[in-house]
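Participant: Pasting a structure below so you can have a look.
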Amino acid sequence: MGSSYSGSSKQTVKLRPVWGVQYGRFRLATSRASLVERSGGQGALPGASVELGSIDRWRFDAALRVDAGRKSKDAPELQGLPDIDPTLRLRLLAEYRLTEDARVGLNLSTDVANKRGGTLLSLDYGRGGSLAPQWRWSAGVGLQAADATYMNSYHGIPPGTTSAWPVYQPSSGLHSARAGVGVTWRFAPHWRAGAAAGVSTLLGPAADSPLTQQRVGAM
């Protein structure tokens, strides 16, 4: 499930394939790459990623992916607002293994093409384990913050537009909290099937935006 924009009251259901390929330390994976588990049970980062290395219980990854941005035509509530151009995002991950089945990670995602995409910082906790020889489960929670550029692009109402909403120029701060669960079935050495469900809620300046018609949504 998803919505036309973050904060929309309209939820849509779409079926999308999830895939990932790996060659050595390099991977390509879709946006639902958390279902594409590696040998240790960790979720793969979406986009083109590389394992930078590990030190004791720490591991470090980096990834590049295309962010599609947002169009004012995506929803009636966005009419009159400037489009957010597609851009290239760099994501850096530092993950600490608490136990064999539990990890905490710090994610930084930033717009490296300077298209007003801004920067997001996430703190995540996840657990996972075996249900049966070929089955694994996973669950996690996360807290996300955003800088003023991201907030203004995705949740702001700039002056001088034809939007019906009042001007709103949010500052940086907490953006959202989320929780999710998933299950994967390894039916062949290099093939898996899985499903995931999650929920998120907007916080802080994002929740206070006039564009926010519904704070809680499915992921």
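Letters A, B, ... mark the chains of the structure tokens in the order given; residue numbers begin at 1 per chain; ligand numbers begin at 1, in order shown.
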Per DSSP on the backbone, filter region 11-215 of chain A down to the residues in helix (DSSP H, G or I) and report them as a PyMOL selection string.
Facilitator: chain A and resi 33-35+72-74+76-78+148-155+204-208
Participant: Using all heavy atoms, can you export the residues from the last selection as a short mmCIF file (atom, residue, chain, number, x, y, z; two decimals), in the first residue's frame?
Facilitator:
```cif
data_model
loop_
_atom_site.label_atom_id
_atom_site.label_comp_id
_atom_site.auth_asym_id
_atom_site.auth_seq_id
_atom_site.Cartn_x
_atom_site.Cartn_y
_atom_site.Cartn_z
N ALA A 33 13.98 -3.57 -1.08
CA ALA A 33 15.13 -4.47 -0.95
C ALA A 33 15.27 -5.06 0.44
O ALA A 33 16.07 -5.97 0.64
CB ALA A 33 16.40 -3.75 -1.33
N SER A 34 14.53 -4.57 1.42
CA SER A 34 14.60 -5.16 2.75
C SER A 34 14.14 -6.61 2.74
O SER A 34 14.46 -7.38 3.65
CB SER A 34 13.75 -4.36 3.74
OG SER A 34 12.40 -4.31 3.31
N LEU A 35 13.39 -7.00 1.70
CA LEU A 35 12.98 -8.40 1.57
C LEU A 35 14.06 -9.26 0.96
O LEU A 35 14.00 -10.48 1.00
CB LEU A 35 11.72 -8.50 0.72
CG LEU A 35 10.42 -8.00 1.36
CD1 LEU A 35 9.30 -8.07 0.35
CD2 LEU A 35 10.08 -8.81 2.59
N SER A 72 3.14 18.11 -9.22
CA SER A 72 1.94 18.76 -8.69
C SER A 72 0.68 18.07 -9.17
O SER A 72 -0.37 18.16 -8.52
CB SER A 72 1.92 20.23 -9.06
OG SER A 72 1.89 20.39 -10.47
N LYS A 73 0.76 17.36 -10.29
CA LYS A 73 -0.40 16.66 -10.82
C LYS A 73 -0.65 15.32 -10.12
O LYS A 73 -1.65 14.64 -10.42
CB LYS A 73 -0.23 16.42 -12.32
CG LYS A 73 0.92 15.49 -12.67
CD LYS A 73 1.05 15.31 -14.18
CE LYS A 73 2.20 14.34 -14.52
NZ LYS A 73 2.35 14.16 -15.99
N ASP A 74 0.23 14.93 -9.19
CA ASP A 74 0.08 13.65 -8.52
C ASP A 74 -1.17 13.57 -7.65
O ASP A 74 -1.68 12.49 -7.39
CB ASP A 74 1.32 13.33 -7.66
CG ASP A 74 2.55 13.02 -8.51
OD1 ASP A 74 2.38 12.77 -9.71
OD2 ASP A 74 3.67 13.04 -7.96
N PRO A 76 -4.77 16.23 -6.17
CA PRO A 76 -5.43 17.54 -6.20
C PRO A 76 -4.87 18.50 -5.15
O PRO A 76 -4.80 19.72 -5.38
CB PRO A 76 -6.90 17.20 -5.92
CG PRO A 76 -7.05 15.78 -6.35
CD PRO A 76 -5.74 15.13 -6.05
N GLU A 77 -4.45 17.98 -4.00
CA GLU A 77 -3.94 18.83 -2.93
C GLU A 77 -2.63 19.51 -3.30
O GLU A 77 -2.23 20.50 -2.69
CB GLU A 77 -3.75 18.02 -1.65
CG GLU A 77 -5.02 17.46 -1.04
CD GLU A 77 -5.37 16.09 -1.62
OE1 GLU A 77 -4.77 15.69 -2.64
OE2 GLU A 77 -6.24 15.43 -1.05
N LEU A 78 -1.93 18.98 -4.31
CA LEU A 78 -0.63 19.51 -4.71
C LEU A 78 -0.72 20.54 -5.82
O LEU A 78 0.30 21.12 -6.22
CB LEU A 78 0.28 18.37 -5.16
CG LEU A 78 0.53 17.24 -4.14
CD1 LEU A 78 1.41 16.17 -4.76
CD2 LEU A 78 1.16 17.77 -2.87
N ALA A 148 15.76 21.26 6.72
CA ALA A 148 14.78 22.25 6.28
C ALA A 148 14.53 22.18 4.78
O ALA A 148 13.41 22.44 4.32
CB ALA A 148 15.24 23.64 6.68
N THR A 149 15.55 21.83 3.98
CA THR A 149 15.36 21.72 2.54
C THR A 149 14.34 20.65 2.19
O THR A 149 13.43 20.87 1.39
CB THR A 149 16.70 21.42 1.85
OG1 THR A 149 17.62 22.46 2.12
CG2 THR A 149 16.52 21.28 0.34
N TYR A 150 14.48 19.47 2.79
CA TYR A 150 13.53 18.39 2.54
C TYR A 150 12.13 18.77 3.03
O TYR A 150 11.13 18.57 2.32
CB TYR A 150 14.00 17.11 3.24
CG TYR A 150 13.09 15.93 2.97
CD1 TYR A 150 13.36 15.04 1.94
CD2 TYR A 150 11.94 15.70 3.74
CE1 TYR A 150 12.53 13.96 1.67
CE2 TYR A 150 11.10 14.63 3.48
CZ TYR A 150 11.40 13.76 2.46
OH TYR A 150 10.57 12.70 2.20
N MET A 151 12.06 19.33 4.24
CA MET A 151 10.76 19.71 4.80
C MET A 151 10.04 20.71 3.90
O MET A 151 8.84 20.57 3.64
CB MET A 151 10.95 20.30 6.20
CG MET A 151 11.34 19.30 7.26
SD MET A 151 9.99 18.19 7.70
CE MET A 151 10.63 17.53 9.25
N ASN A 152 10.76 21.72 3.42
CA ASN A 152 10.12 22.74 2.60
C ASN A 152 9.73 22.20 1.23
O ASN A 152 8.70 22.60 0.68
CB ASN A 152 11.04 23.95 2.46
CG ASN A 152 10.94 24.89 3.65
OD1 ASN A 152 10.04 25.71 3.72
ND2 ASN A 152 11.87 24.76 4.59
N SER A 153 10.53 21.29 0.68
CA SER A 153 10.20 20.74 -0.63
C SER A 153 8.97 19.84 -0.58
O SER A 153 8.08 19.94 -1.44
CB SER A 153 11.39 19.94 -1.18
OG SER A 153 12.47 20.79 -1.50
N TYR A 154 8.91 18.96 0.43
CA TYR A 154 7.85 17.94 0.47
C TYR A 154 6.66 18.32 1.36
O TYR A 154 5.58 17.74 1.20
CB TYR A 154 8.43 16.60 0.90
CG TYR A 154 9.21 15.92 -0.20
CD1 TYR A 154 10.57 16.11 -0.34
CD2 TYR A 154 8.56 15.10 -1.12
CE1 TYR A 154 11.28 15.50 -1.37
CE2 TYR A 154 9.26 14.48 -2.14
CZ TYR A 154 10.62 14.69 -2.26
OH TYR A 154 11.31 14.08 -3.28
N HIS A 155 6.85 19.24 2.29
CA HIS A 155 5.76 19.56 3.21
C HIS A 155 5.47 21.05 3.31
O HIS A 155 4.54 21.46 4.01
CB HIS A 155 6.08 19.01 4.61
CG HIS A 155 6.29 17.52 4.62
ND1 HIS A 155 5.24 16.63 4.59
CD2 HIS A 155 7.42 16.78 4.64
CE1 HIS A 155 5.71 15.39 4.59
NE2 HIS A 155 7.03 15.46 4.63
N GLY A 204 6.25 16.12 13.98
CA GLY A 204 6.85 17.45 13.93
C GLY A 204 6.33 18.33 12.83
O GLY A 204 5.13 18.37 12.52
N PRO A 205 7.24 19.08 12.16
CA PRO A 205 6.83 20.00 11.11
C PRO A 205 6.10 19.32 9.96
O PRO A 205 5.24 19.94 9.32
CB PRO A 205 8.16 20.61 10.64
CG PRO A 205 9.08 20.47 11.80
CD PRO A 205 8.69 19.19 12.45
N ALA A 206 6.43 18.07 9.66
CA ALA A 206 5.75 17.35 8.58
C ALA A 206 4.28 17.10 8.94
O ALA A 206 3.39 17.23 8.11
CB ALA A 206 6.45 16.03 8.29
N ALA A 207 4.04 16.74 10.19
CA ALA A 207 2.66 16.49 10.65
C ALA A 207 1.85 17.78 10.69
O ALA A 207 0.64 17.76 10.48
CB ALA A 207 2.68 15.83 12.01
N ASP A 208 2.51 18.91 10.94
CA ASP A 208 1.81 20.19 11.06
C ASP A 208 1.53 20.86 9.72
O ASP A 208 0.85 21.89 9.67
CB ASP A 208 2.63 21.15 11.93
CG ASP A 208 2.76 20.67 13.37
OD1 ASP A 208 1.89 19.90 13.80
OD2 ASP A 208 3.72 21.07 14.05
#
```
Participant: Which residues are near region 103-118 of chain A? Cut-off 6 Å, only C-alpha atoms, ignore same chain within fewer than 3 positions. Put them as an NGL selection string.
Facilitator: :A and (87-98 or 121-126 or 149-150)
Participant: Could you pull out the residues in region 27-197 of chain A that DSSP calls strand (DSSP E) from the backbone, as an MDAnalysis selection string?
Facilitator: chainID A and resid 27:29 47:55 58:67 87:97 102:111 119:132 135:146 173:188 191:197
Participant: I'd like a table as a Markdown table: residues in region 51-123 of chain A with an atom no more than 10 Å from region 16-26 of chain A, each row giving the shortest atom pair and its distance in Å to one decimal, only C-alpha atoms counted, sorted by chain and rising residue number.
Facilitator:
```
| residue | atom | partner | partner_atom | distance |
| --- | --- | --- | --- | --- |
| A:Glu51 | CA | A:Arg25 | CA | 5.1 |
| A:Leu52 | CA | A:Arg25 | CA | 7.9 |
| A:Gly53 | CA | A:Arg25 | CA | 8.9 |
| A:Asp61 | CA | A:Arg25 | CA | 9.5 |
| A:Ala62 | CA | A:Phe26 | CA | 9.9 |
| A:Ala63 | CA | A:Phe26 | CA | 9.6 |
```
Participant: Would you export the selected residues with all heavy atoms as a CSV table (one decimal), in the first residue's frame, please?
Facilitator:
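Produced file again_13.csv, reproduced below:
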```csv
chain,number,residue,atom,x,y,z
A,51,GLU,N,29.2,-2.9,-0.3
A,51,GLU,CA,29.6,-3.1,1.1
A,51,GLU,C,31.0,-2.5,1.3
A,51,GLU,O,32.0,-2.9,0.7
A,51,GLU,CB,29.7,-4.6,1.4
A,51,GLU,CG,28.3,-5.4,1.2
A,51,GLU,CD,28.5,-6.9,1.4
A,51,GLU,OE1,29.4,-7.3,2.1
A,51,GLU,OE2,27.7,-7.6,0.8
A,52,LEU,N,31.0,-1.5,2.2
A,52,LEU,CA,32.3,-0.8,2.4
A,52,LEU,C,33.2,-1.6,3.3
A,52,LEU,O,34.5,-1.4,3.2
A,52,LEU,CB,32.0,0.6,3.0
A,52,LEU,CG,31.2,1.5,2.1
A,52,LEU,CD1,30.9,2.8,2.8
A,52,LEU,CD2,31.9,1.8,0.7
A,53,GLY,N,32.7,-2.4,4.2
A,53,GLY,CA,33.5,-3.2,5.1
A,53,GLY,C,32.9,-3.3,6.4
A,53,GLY,O,31.8,-2.8,6.7
A,61,ASP,N,27.8,0.4,4.6
A,61,ASP,CA,27.4,0.2,3.2
A,61,ASP,C,27.1,1.6,2.7
A,61,ASP,O,26.9,2.6,3.4
A,61,ASP,CB,26.1,-0.5,3.1
A,61,ASP,CG,26.2,-2.0,3.4
A,61,ASP,OD1,27.4,-2.4,3.7
A,61,ASP,OD2,25.2,-2.8,3.3
A,62,ALA,N,27.2,1.7,1.3
A,62,ALA,CA,26.8,2.9,0.6
A,62,ALA,C,26.0,2.6,-0.6
A,62,ALA,O,26.2,1.5,-1.2
A,62,ALA,CB,28.1,3.7,0.2
A,63,ALA,N,25.1,3.4,-1.0
A,63,ALA,CA,24.2,3.1,-2.1
A,63,ALA,C,23.8,4.4,-2.9
A,63,ALA,O,23.7,5.5,-2.3
A,63,ALA,CB,22.9,2.4,-1.7
```
Participant: If you count only C-alpha atoms, which residues fall within 10 Å of Gln134 (chain A), apart from same-chain ones fewer than 3 positions away, as JSON, numbers by chain?
Facilitator: {"A": [130, 131, 184, 185, 186, 187, 188, 189, 192]}
Participant: Just write the chosen residues, C-alpha atoms, as a tab-separated table (two decimals), in the first residue's frame.
Facilitator:
```
chain	number	residue	atom	x	y	z
A	130	SER	CA	14.24	-18.46	11.35
A	131	LEU	CA	10.71	-19.80	11.33
A	184	THR	CA	10.68	-14.50	3.29
A	185	TRP	CA	10.75	-18.01	1.85
A	186	ARG	CA	13.92	-19.29	0.20
A	187	PHE	CA	12.60	-21.77	-2.35
A	188	ALA	CA	15.86	-22.06	-4.34
A	189	PRO	CA	19.52	-21.26	-3.61
A	192	ARG	CA	13.21	-15.90	-2.44
```
Participant: Between A:Gln213, A:Ser6, A:Ser163, A:Thr99, single out the one closest to Ser176 (chain A), counting only C-alpha atoms.
Facilitator: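 Residue with the minimum atom-to-atom distance to Ser176 (chain A): A:Ser6.
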